[in-house]
$ cat final07.txt   # compact mmCIF, C-alpha atoms
# COMPACT_ATOMS: atom_id res chain seq x y z
CA MET A 1149 16.48 6.91 -21.22
CA ASN A 1150 17.31 10.55 -20.94
CA ARG A 1151 16.86 11.92 -17.49
CA SER A 1152 18.72 14.59 -15.72
CA ASP A 1153 20.21 13.87 -12.34
CA PRO A 1154 17.76 16.08 -10.45
CA GLU A 1155 14.85 14.07 -11.82
CA THR A 1156 16.49 10.82 -10.83
CA GLU A 1157 17.19 12.25 -7.41
CA ALA A 1158 13.54 13.30 -7.07
CA GLY A 1159 12.44 9.81 -8.02
CA ARG A 1160 14.76 8.32 -5.45
CA ARG A 1161 13.50 10.66 -2.72
CA PHE A 1162 9.91 9.92 -3.64
CA ALA A 1163 10.51 6.19 -3.63
CA THR A 1164 12.12 6.43 -0.20
CA LEU A 1165 9.18 8.41 1.14
CA CYS A 1166 6.67 5.97 -0.29
CA GLU A 1167 8.54 2.94 0.95
CA GLY A 1168 8.45 4.21 4.50
CA LEU A 1169 4.87 5.41 4.52
CA ARG A 1170 3.19 2.81 2.34
CA PRO A 1171 2.19 0.43 5.17
CA ASP A 1172 0.45 3.24 7.05
CA LEU A 1173 -1.14 4.56 3.86
CA LEU A 1174 -2.45 1.10 3.10
CA ARG A 1175 -3.80 0.67 6.63
CA PHE A 1176 -5.45 4.07 6.46
CA ALA A 1177 -7.02 3.28 3.08
CA PHE A 1178 -8.18 -0.09 4.38
CA TRP A 1179 -9.94 1.45 7.36
CA LEU A 1180 -11.57 4.00 5.07
CA ALA A 1181 -12.59 1.53 2.40
CA ARG A 1182 -13.04 -1.63 4.48
CA ASP A 1183 -11.95 -3.52 1.39
CA ARG A 1184 -8.41 -4.70 0.66
CA GLN A 1185 -8.77 -4.48 -3.09
CA LEU A 1186 -10.18 -1.00 -3.01
CA ALA A 1187 -7.55 0.10 -0.51
CA GLU A 1188 -4.76 -1.11 -2.76
CA ASP A 1189 -6.27 0.65 -5.78
CA VAL A 1190 -6.72 3.87 -3.85
CA VAL A 1191 -3.14 3.87 -2.59
CA GLN A 1192 -1.73 3.17 -6.05
CA GLU A 1193 -3.75 5.95 -7.64
CA ALA A 1194 -2.90 8.30 -4.79
CA LEU A 1195 0.83 7.63 -5.17
CA LEU A 1196 0.61 8.38 -8.87
CA ARG A 1197 -1.11 11.67 -8.14
CA ALA A 1198 1.45 12.39 -5.45
CA TRP A 1199 4.32 11.76 -7.84
CA LYS A 1200 2.80 14.04 -10.44
CA SER A 1201 2.67 16.87 -7.94
CA PHE A 1202 5.80 15.98 -6.00
CA ASP A 1203 7.43 19.23 -7.15
CA ALA A 1204 4.73 21.14 -5.28
CA LEU A 1205 5.71 19.59 -1.95
CA GLU A 1206 7.95 22.31 -0.57
CA ASP A 1207 8.65 20.73 2.79
CA GLU A 1208 9.27 16.99 2.72
CA GLY A 1209 8.85 17.00 6.48
CA LYS A 1210 5.15 17.42 5.74
CA ALA A 1211 5.08 14.54 3.29
CA LYS A 1212 3.15 12.31 5.63
CA SER A 1213 0.11 14.52 6.04
CA TRP A 1214 0.36 15.47 2.36
CA LEU A 1215 0.20 11.82 1.30
CA PHE A 1216 -2.60 10.99 3.71
CA THR A 1217 -4.62 13.89 2.37
CA ILE A 1218 -4.10 12.62 -1.17
CA VAL A 1219 -5.18 9.10 -0.17
CA ARG A 1220 -8.24 10.50 1.55
CA ARG A 1221 -9.20 12.56 -1.52
CA GLU A 1222 -8.57 9.63 -3.83
CA PHE A 1223 -10.82 7.46 -1.71
CA ALA A 1224 -13.54 10.12 -1.84
CA ARG A 1225 -13.17 10.30 -5.62
CA THR A 1226 -13.33 6.53 -5.96
CA PHE A 1227 -16.31 6.33 -3.66
CA GLU A 1228 -18.11 8.97 -5.69
CA ARG A 1229 -17.10 7.45 -9.03
CA LYS A 1230 -18.17 3.94 -8.16
CA ARG A 1231 -21.16 5.00 -6.07
CA LEU A 1232 -20.18 2.37 -3.57
CA GLU A 1233 -22.88 1.25 -1.23
CA VAL A 1234 -22.56 -0.87 1.83
CA ALA A 1235 -25.49 -3.22 1.59
CA ASP A 1236 -24.49 -5.83 4.09
CA LEU A 1237 -22.09 -5.11 6.93
CA ASP A 1238 -21.99 -8.76 7.94
CA ALA A 1239 -20.81 -9.70 4.45
CA LEU A 1240 -18.14 -7.00 4.59
CA VAL A 1241 -16.90 -8.31 7.92
CA ALA A 1242 -16.85 -11.86 6.59
CA ALA A 1243 -14.97 -10.83 3.44
CA GLU A 1244 -12.24 -9.14 5.44
CA ALA A 1245 -12.14 -11.65 8.27
CA PRO A 1246 -8.50 -12.61 7.57
CA VAL A 1247 -7.43 -9.01 8.20
CA LEU A 1248 -9.63 -8.54 11.24
CA ALA A 1249 -8.60 -11.78 12.88
CA ALA A 1250 -6.51 -11.63 16.04
CA GLU A 1251 -5.51 -15.07 17.17
CA ASP A 1252 -5.74 -15.64 20.91
CA ASP A 1253 -6.94 -12.09 21.56
CA GLY A 1254 -10.70 -11.86 21.64
CA ASP A 1255 -10.74 -8.24 22.78
CA LEU A 1256 -8.60 -7.20 19.84
CA ALA A 1257 -10.75 -9.08 17.34
CA ALA A 1258 -13.92 -7.64 18.84
CA MET A 1259 -12.52 -4.12 18.64
CA ARG A 1260 -11.54 -4.61 14.99
CA GLU A 1261 -15.01 -5.74 14.13
CA ALA A 1262 -16.54 -2.86 16.08
CA LEU A 1263 -14.32 -0.39 14.23
CA PHE A 1264 -15.32 -2.03 10.96
CA ARG A 1265 -18.98 -1.53 11.82
CA LEU A 1266 -18.51 2.07 12.90
CA GLU A 1267 -20.06 4.65 10.56
CA GLY A 1268 -17.56 6.31 8.24
CA ASP A 1269 -18.18 9.78 9.66
CA TYR A 1270 -16.99 8.53 13.03
CA ARG A 1271 -14.39 6.01 11.89
CA GLU A 1272 -12.32 8.37 9.82
CA PRO A 1273 -11.54 11.02 12.46
CA LEU A 1274 -10.90 8.28 14.98
CA VAL A 1275 -8.38 6.61 12.69
CA LEU A 1276 -6.68 9.93 12.02
CA GLN A 1277 -6.49 10.66 15.74
CA VAL A 1278 -5.54 7.29 17.18
CA MET A 1279 -3.55 5.69 14.38
CA MET A 1280 -2.00 8.77 12.85
CA GLY A 1281 -1.71 10.96 15.91
CA TYR A 1282 -3.27 14.05 14.38
CA SER A 1283 -4.65 16.78 16.61
CA THR A 1284 -8.33 17.62 16.41
CA GLN A 1285 -7.44 20.86 14.62
CA GLU A 1286 -5.36 18.99 12.04
CA ILE A 1287 -8.21 16.54 11.52
CA ALA A 1288 -10.60 19.43 11.10
CA ASP A 1289 -8.32 20.94 8.47
CA MET A 1290 -8.02 17.64 6.61
CA MET A 1291 -11.74 16.94 6.66
CA GLY A 1292 -12.87 20.49 6.01
CA LEU A 1293 -14.79 20.64 9.28
CA GLN A 1294 -14.90 22.93 12.27
CA GLN A 1295 -12.87 21.67 15.21
CA GLY A 1296 -16.04 21.45 17.28
CA ALA A 1297 -17.59 19.10 14.74
CA VAL A 1298 -14.53 16.87 14.90
CA LEU A 1299 -14.70 16.78 18.70
CA THR A 1300 -18.36 15.78 18.50
CA ARG A 1301 -17.62 13.00 16.02
CA LEU A 1302 -14.76 11.68 18.13
CA PHE A 1303 -16.93 11.68 21.24
CA ARG A 1304 -19.71 9.85 19.42
CA ALA A 1305 -17.26 7.42 17.83
CA ARG A 1306 -16.05 6.25 21.23
CA ALA A 1307 -19.58 6.14 22.59
CA ARG A 1308 -20.64 3.99 19.61
CA LEU A 1309 -17.67 1.69 20.10
CA ARG A 1310 -18.50 1.22 23.76
CA HIS A 1311 -22.03 0.33 22.73
CA LEU A 1312 -20.89 -2.03 19.96
CA LEU A 1313 -18.62 -3.75 22.45
CA GLY A 1314 -21.48 -4.12 24.88
CA LEU A 1315 -20.00 -1.80 27.47
CA THR A 1316 -22.84 0.73 27.50
CA PRO A 1317 -26.41 1.05 26.26
CA GLU A 1318 -27.07 2.69 22.89
CA PRO A 1319 -25.85 6.29 23.24
CA ALA A 1320 -28.27 9.09 22.68
CA SER A 1321 -27.71 10.90 19.39
CA MET B 867 -15.27 25.01 37.31
CA MET B 868 -15.65 21.98 35.05
CA ASP B 869 -18.60 19.70 35.79
CA CYS B 870 -18.87 15.98 35.10
CA LEU B 871 -20.77 16.46 31.85
CA GLU B 872 -18.20 18.83 30.42
CA PHE B 873 -15.34 16.63 31.62
CA ARG B 874 -16.81 13.57 29.92
CA ARG B 875 -17.57 15.49 26.75
CA GLN B 876 -13.98 16.66 26.51
CA VAL B 877 -12.17 13.44 27.41
CA GLY B 878 -14.64 11.47 25.33
CA ALA B 879 -13.22 13.24 22.30
CA GLU B 880 -9.64 13.34 23.54
CA PRO B 881 -8.92 10.77 26.24
CA THR B 882 -5.31 11.89 26.52
CA LEU B 883 -6.39 15.45 27.27
CA SER B 884 -4.58 16.81 30.27
CA ASP B 885 -5.11 20.43 31.14
CA PRO B 886 -5.43 22.06 34.59
CA GLN B 887 -9.24 21.96 34.63
CA VAL B 888 -9.33 18.33 33.60
CA GLU B 889 -6.71 17.40 36.18
CA THR B 890 -8.57 19.25 38.91
CA HIS B 891 -11.82 17.49 38.08
CA ARG B 892 -10.03 14.14 37.99
CA ARG B 893 -8.78 14.70 41.51
CA ASP B 894 -12.22 15.67 42.78
CA CYS B 895 -14.31 13.03 40.98
CA PRO B 896 -13.14 9.41 41.16
CA ALA B 897 -15.95 8.26 38.84
CA CYS B 898 -14.86 10.64 36.09
CA ALA B 899 -11.20 9.71 36.65
CA ARG B 900 -12.17 6.08 36.21
CA TYR B 901 -14.13 6.96 33.07
CA GLN B 902 -11.09 8.68 31.56
CA ASP B 903 -8.86 5.75 32.48
CA GLU B 904 -11.28 3.39 30.75
CA LEU B 905 -11.25 5.54 27.66
CA ARG B 906 -7.46 5.59 27.65
CA SER B 907 -7.40 1.82 27.89
CA MET B 908 -9.90 1.61 25.08
CA ASP B 909 -7.77 3.92 22.95
CA ALA B 910 -4.78 1.66 23.48
CA LEU B 911 -6.88 -1.23 22.24
CA ILE B 912 -8.14 0.85 19.28
CA ALA B 913 -4.55 1.66 18.35
CA ARG B 914 -3.63 -2.03 18.41
CA ALA B 915 -6.75 -2.91 16.46
CA LEU B 916 -6.05 -0.37 13.73
CA ALA B 917 -2.48 -1.56 13.28
CA VAL B 918 -3.47 -4.51 11.14
CA ASP B 919 -0.74 -6.64 9.72
CA THR B 920 -0.14 -5.26 6.22
CA THR B 921 0.92 -8.67 4.96
CA ARG B 922 -2.69 -9.67 5.54
CA LEU B 923 -3.76 -6.81 3.33
CA ALA B 924 -2.09 -8.49 0.35
CA LEU B 925 -4.73 -9.59 -2.09
CA PRO B 926 -5.35 -13.27 -2.58
CA GLN B 927 -3.86 -14.42 -5.88
CA LYS B 928 -7.24 -14.79 -7.61
CA LYS B 929 -8.29 -11.31 -6.60
CA ALA B 930 -4.95 -9.88 -7.65
CA VAL B 931 -5.25 -11.41 -11.11
CA GLU B 932 -8.80 -10.13 -11.51
CA ARG B 933 -7.64 -6.76 -10.40
CA ALA B 934 -4.74 -6.76 -12.82
CA GLY B 935 -7.17 -7.40 -15.61
CA ARG B 936 -9.54 -4.61 -14.79
CA HIS B 937 -7.35 -2.04 -13.16
CA ARG B 938 -6.43 1.03 -15.15
CA TYR B 939 -2.73 0.82 -14.59
CA PHE B 940 -1.10 4.14 -14.50
CA ALA B 941 1.57 5.39 -16.75
CA ILE B 942 4.04 6.35 -14.10
CA ALA B 943 6.74 8.78 -15.02
CA ALA B 944 9.98 7.27 -16.15
CA SER B 945 11.97 8.70 -13.35
CA ILE B 946 9.81 7.14 -10.66
CA ALA B 947 10.66 3.84 -12.23
CA VAL B 948 14.31 4.61 -11.76
CA GLY B 949 13.63 5.87 -8.31
CA LEU B 950 11.81 2.72 -7.39
CA ALA B 951 14.41 0.53 -9.01
CA VAL B 952 17.34 2.24 -7.38
CA GLY B 953 15.71 3.05 -4.10
CA LEU B 954 13.84 -0.13 -3.54
CA ALA B 955 16.44 -2.48 -4.93
CA LEU B 956 18.60 -1.51 -2.00
CA LEU B 957 16.02 -2.92 0.37
CA VAL B 958 16.39 -6.65 0.33
CA SER B 959 13.22 -8.29 1.45
CA ALA B 960 12.61 -11.90 2.24
CA PRO B 961 11.79 -13.85 -0.92
CA ARG B 962 8.25 -15.05 -1.38
CA GLU B 963 8.86 -18.69 -2.00
CA SER B 964 5.96 -19.21 -4.37
CA LEU B 965 6.89 -16.34 -6.66
CA ALA B 966 10.57 -17.33 -6.69
CA ARG B 967 9.69 -20.91 -7.46
CA GLU B 968 7.27 -19.93 -10.23
CA VAL B 969 9.89 -17.79 -11.91
CA ILE B 970 12.70 -20.31 -11.52
CA ASP B 971 10.49 -23.15 -12.72
CA HIS B 972 9.56 -21.18 -15.78
CA VAL B 973 13.19 -20.47 -16.64
CA ALA B 974 14.33 -24.02 -15.89
CA HIS B 975 11.63 -25.52 -18.10
CA GLU B 976 12.61 -23.50 -21.13
CA PRO B 977 16.33 -24.27 -21.55
CA GLY B 978 16.02 -23.62 -25.27
CA ALA B 979 15.42 -19.98 -24.57
CA LEU B 980 18.83 -19.58 -22.98
CA ALA B 981 20.51 -21.63 -25.70
CA ALA B 982 19.53 -19.19 -28.46
CA ILE B 983 22.43 -16.97 -29.40
CA GLY B 984 21.31 -14.92 -32.38
CA PRO B 985 19.56 -11.62 -31.77
CA VAL B 986 15.85 -11.72 -32.49
CA SER B 987 14.41 -9.39 -35.09
CA ALA B 988 12.79 -6.13 -34.10
CA GLY B 989 9.52 -7.57 -35.35
CA ALA B 990 9.76 -10.63 -33.09
CA LEU B 991 10.60 -8.46 -30.13
CA ALA B 992 7.71 -6.14 -30.87
CA GLU B 993 5.39 -9.11 -31.25
CA ALA B 994 6.36 -10.34 -27.79
CA LEU B 995 6.01 -6.94 -26.16
CA ASP B 996 3.65 -4.77 -28.16
CA PRO B 997 0.32 -6.36 -27.27
CA GLU B 998 1.04 -5.14 -23.77
CA GLY B 999 1.97 -1.66 -24.98
CA THR B 1000 5.53 -2.21 -23.86
CA ARG B 1001 8.83 -1.44 -25.55
CA LEU B 1002 12.43 -2.25 -24.78
CA ARG B 1003 14.66 0.69 -25.49
CA PRO B 1004 17.69 -0.22 -27.61
CA GLY B 1005 21.14 -0.39 -26.14
CA VAL B 1006 20.54 -2.58 -23.12
CA GLY B 1007 21.98 -5.67 -24.82
CA ASP B 1008 21.18 -8.24 -27.51
CA VAL B 1009 17.78 -9.82 -27.14
CA THR B 1010 18.34 -13.44 -28.16
CA PHE B 1011 14.91 -14.79 -27.28
CA ALA B 1012 11.52 -13.13 -27.22
CA ALA B 1013 8.23 -14.91 -26.80
CA ARG B 1014 4.89 -14.72 -25.13
CA CYS B 1015 4.75 -17.54 -22.63
CA LEU B 1016 2.07 -19.03 -20.47
CA HIS B 1017 3.06 -18.38 -16.88
CA GLN B 1018 0.74 -19.19 -13.98
CA GLY B 1019 -2.28 -18.92 -16.21
CA ARG B 1020 -1.20 -15.63 -17.74
CA VAL B 1021 0.53 -14.83 -21.01
CA VAL B 1022 3.66 -12.89 -20.21
CA PRO B 1023 6.54 -11.51 -22.28
CA HIS B 1024 9.63 -13.68 -21.84
CA LEU B 1025 12.96 -12.33 -23.04
CA VAL B 1026 16.57 -13.42 -22.86
CA VAL B 1027 18.91 -10.47 -22.93
CA ARG B 1028 22.66 -10.82 -23.34
CA VAL B 1029 24.55 -8.15 -21.47
CA PRO B 1030 28.31 -7.95 -20.88
CA GLU B 1031 27.80 -9.64 -17.50
CA GLY B 1032 26.04 -12.65 -19.04
CA ALA B 1033 22.65 -13.80 -20.28
CA VAL B 1034 19.59 -13.05 -18.21
CA THR B 1035 15.99 -14.09 -18.51
CA VAL B 1036 13.45 -11.32 -18.16
CA LEU B 1037 9.78 -11.90 -17.37
CA LEU B 1038 7.36 -8.98 -17.33
CA LEU B 1039 4.81 -9.98 -14.70
CA ARG B 1040 2.11 -7.38 -15.11
CA HIS B 1041 -0.31 -9.43 -13.11
CA ARG B 1042 1.94 -9.83 -10.11
CA ALA B 1043 2.59 -6.88 -7.82
CA VAL B 1044 5.32 -7.02 -5.20
CA ASP B 1045 5.87 -4.63 -2.34
CA GLY B 1046 9.63 -4.51 -2.68
CA PRO B 1047 12.56 -6.25 -4.35
CA GLU B 1048 12.60 -9.99 -3.83
CA HIS B 1049 15.88 -11.84 -4.25
CA PHE B 1050 16.12 -15.57 -4.59
CA GLU B 1051 18.51 -18.37 -5.47
CA GLU B 1052 17.36 -21.80 -6.53
CA GLN B 1053 18.43 -24.59 -8.86
CA GLY B 1054 21.64 -22.74 -9.68
CA PHE B 1055 19.79 -19.60 -10.73
CA ALA B 1056 19.84 -16.26 -8.98
CA GLY B 1057 17.10 -13.76 -9.53
CA VAL B 1058 15.42 -10.61 -8.41
CA VAL B 1059 11.85 -9.43 -8.80
CA LEU B 1060 11.42 -5.68 -8.74
CA PRO B 1061 8.21 -3.70 -8.31
CA ALA B 1062 7.29 -2.06 -11.60
CA PRO B 1063 4.78 0.55 -12.72
CA ARG B 1064 2.74 -2.39 -13.97
CA GLY B 1065 3.11 -5.40 -11.75
CA SER B 1066 6.69 -6.53 -11.48
CA ILE B 1067 9.70 -7.55 -13.50
CA ALA B 1068 11.74 -10.67 -12.85
CA VAL B 1069 15.39 -10.90 -13.91
CA VAL B 1070 17.11 -14.26 -13.56
CA GLY B 1071 20.63 -15.38 -14.44
CA GLN B 1072 23.25 -18.01 -13.78
CA GLY B 1073 26.61 -16.82 -12.54
CA VAL B 1074 25.86 -13.25 -13.60
CA GLN B 1075 28.06 -10.70 -11.89
CA ASP B 1076 26.20 -7.95 -10.04
CA LEU B 1077 22.72 -9.12 -10.96
CA ASP B 1078 21.16 -6.12 -9.20
CA ALA B 1079 22.96 -3.71 -11.49
CA VAL B 1080 21.93 -5.72 -14.53
CA ALA B 1081 18.34 -5.81 -13.31
CA ARG B 1082 18.36 -2.08 -12.77
CA LYS B 1083 19.70 -1.53 -16.28
CA ILE B 1084 17.00 -3.68 -17.81
CA PHE B 1085 14.30 -2.16 -15.64
CA ASP B 1086 15.49 1.23 -16.81
CA ALA B 1087 15.24 0.17 -20.45
CA VAL B 1088 11.62 -0.97 -20.25
CA ASP B 1089 9.04 1.52 -21.44
CA TRP B 1090 5.80 0.25 -19.94
CA GLY B 1091 3.63 2.31 -22.26
CA GLU B 1092 0.34 3.98 -21.41
$ encode --input "final07.txt" --output "structure tokens"
Amino acid sequence: MNRSDPETEAGRRFATLCEGLRPDLLRFAFWLARDRQLAEDVVQEALLRAWKSFDALEDEGKAKSWLFTIVRREFARTFERKRLEVADLDALVAAEAPVLAAEDDGDLAAMREALFRLEGDYREPLVLQVMMGYSTQEIADMMGLQQGAVLTRLFRARARLRHLLGLTPEPAS
Amino acid sequence: MMDCLEFRRQVGAEPTLSDPQVETHRRDCPACARYQDELRSMDALIARALAVDTTRLALPQKKAVERAGRHRYFAIAASIAVGLAVGLALLVSAPRESLAREVIDHVAHEPGALAAIGPVSAGALAEALDPEGTRLRPGVGDVTFAARCLHQGRVVPHLVVRVPEGAVTVLLLRHRAVDGPEHFEEQGFAGVVLPAPRGSIAVVGQGVQDLDAVARKIFDAVDWGE
């Protein structure tokens, strides 16, 4: 195999990046897709796309947000391509019960199920904020929204969760 | 001056928000302070809930096999393969017993494969590999056995390659993805399974010096095709 050293070095750097970030990428994809199989597919395809454009990543310090953006776009592409429809939330929850389970912690299990049932428009910014630590402006940039729209979605996401957990009545839309 | 509605709107979107106006309102309104504290507690629970155990995200075997059959596996660039092989091989993960046992059992039950000493013809090698769109680049060593074997319900290419360090068995497990290198030792064999652009590759030997280096060399020689 003929490869120059720089290419091998790039492959090594990319592999190191992926190795460190893959668990979070997989979690992110899972919470977007709510399906282990789809999440795995999305991450694999996203990493291929990322590798193909690795040269374009000028600052490897920004690799994390770069990879998350690619995963998000790949999920959107997959969703569009397969015209996925969620027909039965209960069936989805049952199918992913092993992931959502939290032995001896009812609150944790209830929150996982509530997050699973949360509408995608609310779930995604919440995941980006709480799990990934992005600011509302960064989330707005990633999702192509105004910051105000992100703030509204985050507010409604928490209100919906409180309702799903039985803490408050159904919030007004 | 911030009122309760504005306070709740802001902290409802960002419970960790802490600016002078928010802090002032917190001091003046115990109910709103309590509301923010509740939201912060809820966020801590959300964070724990989102951090699902990634080992639980691994597909069940049946699903993984179905997926391997339908998934459009990507033709990853050759250098990522090297990158993965070199980079990931350095990370020794705990062996998955079932996979190790499957590979070792397969090797142990085909002693004739290791006994062969003459190099197989190019045609026989191609017959073992080509249906999968795979090639083995020349120069890695003499291939003394090449067949398509039934392994865990799947037909997989099974090679024995003689390198200066010794003879190693190579199984191309397209249906079996692994997250990282898996080393194992059983029944006198030592082996490593490496993640590959298509599934994984298992390299197993007996008394082979520096098996990792041998595995890397073989991994490097495999062209996984389109």
$ residues_around --input "final07.txt" --residues "Leu1195 (chain A)" --least-positions-apart "2" --cutoff "9 Å" --atoms "all atoms listed in the file" --output "compact mmCIF listing (two decimals) with C-alpha atoms, in the coordinates of the input"
# COMPACT_ATOMS: atom_id res chain seq x y z
CA CYS A 1166 6.67 5.97 -0.29
CA VAL A 1190 -6.72 3.87 -3.85
CA VAL A 1191 -3.14 3.87 -2.59
CA GLN A 1192 -1.73 3.17 -6.05
CA GLU A 1193 -3.75 5.95 -7.64
CA ARG A 1197 -1.11 11.67 -8.14
CA ALA A 1198 1.45 12.39 -5.45
CA TRP A 1199 4.32 11.76 -7.84
CA LYS A 1200 2.80 14.04 -10.44
CA LEU A 1215 0.20 11.82 1.30
CA ILE A 1218 -4.10 12.62 -1.17
CA VAL A 1219 -5.18 9.10 -0.17
$ interface_residues --input "final07.txt" --of "chain A" --to "chain B" --cutoff "7 Å" --atoms "only C-alpha atoms" --output "CSV table (one decimal) with C-alpha atoms, in the frame of the given file"
chain,number,residue,atom,x,y,z
A,1149,MET,CA,16.5,6.9,-21.2
A,1155,GLU,CA,14.8,14.1,-11.8
A,1156,THR,CA,16.5,10.8,-10.8
A,1159,GLY,CA,12.4,9.8,-8.0
A,1160,ARG,CA,14.8,8.3,-5.4
A,1163,ALA,CA,10.5,6.2,-3.6
A,1164,THR,CA,12.1,6.4,-0.2
A,1171,PRO,CA,2.2,0.4,5.2
A,1175,ARG,CA,-3.8,0.7,6.6
A,1184,ARG,CA,-8.4,-4.7,0.7
A,1185,GLN,CA,-8.8,-4.5,-3.1
A,1196,LEU,CA,0.6,8.4,-8.9
A,1246,PRO,CA,-8.5,-12.6,7.6
A,1247,VAL,CA,-7.4,-9.0,8.2
A,1256,LEU,CA,-8.6,-7.2,19.8
A,1259,MET,CA,-12.5,-4.1,18.6
A,1260,ARG,CA,-11.5,-4.6,15.0
A,1278,VAL,CA,-5.5,7.3,17.2
A,1279,MET,CA,-3.6,5.7,14.4
A,1299,LEU,CA,-14.7,16.8,18.7
A,1300,THR,CA,-18.4,15.8,18.5
A,1302,LEU,CA,-14.8,11.7,18.1
A,1303,PHE,CA,-16.9,11.7,21.2
A,1306,ARG,CA,-16.0,6.2,21.2
$ residues_near_point --input "final07.txt" --point "(-16.3, 19.7, 15.3)" --cutoff "12 Å" --atoms "only C-alpha atoms" --output "PyMOL selection string"
(chain A and resi 1269-1270+1273+1284-1289+1291-1304) or (chain B and resi 876+879)
$ residues_around --input "final07.txt" --residues "Leu1313 (chain A)" --least-positions-apart "6" --cutoff "10 Å" --atoms "all atoms listed in the file" --output "ChimeraX atom specification"
/A:1255,1258-1259,1261-1263,1307
$ write_last_selection --input "final07.txt" --atoms "C-alpha atoms" --output "CSV table (one decimal), keeping the file's coordinate frame"
chain,number,residue,atom,x,y,z
A,1255,ASP,CA,-10.7,-8.2,22.8
A,1258,ALA,CA,-13.9,-7.6,18.8
A,1259,MET,CA,-12.5,-4.1,18.6
A,1261,GLU,CA,-15.0,-5.7,14.1
A,1262,ALA,CA,-16.5,-2.9,16.1
A,1263,LEU,CA,-14.3,-0.4,14.2
A,1307,ALA,CA,-19.6,6.1,22.6
$ closest_residue --input "final07.txt" --among "B:Val1022, B:Leu1060, B:Cys895, B:Val1074" --to "Thr1000 (chain B)" --atoms "all atoms listed in the file"
B:Val1022
$ atom_distance --input "final07.txt" --atom1 "CA of Ala979 (chain B)" --atom2 "CA of Phe1011 (chain B)"
5.9 Å
$ closest_residue --input "final07.txt" --among "B:Arg1082, B:Arg900, B:Arg1001, B:Arg967" --to "Leu1025 (chain B)" --atoms "only C-alpha atoms"
B:Arg1001
$ atom_distance --input "final07.txt" --atom1 "CA of Asp971 (chain B)" --atom2 "CA of Val1070 (chain B)"
11.1 Å
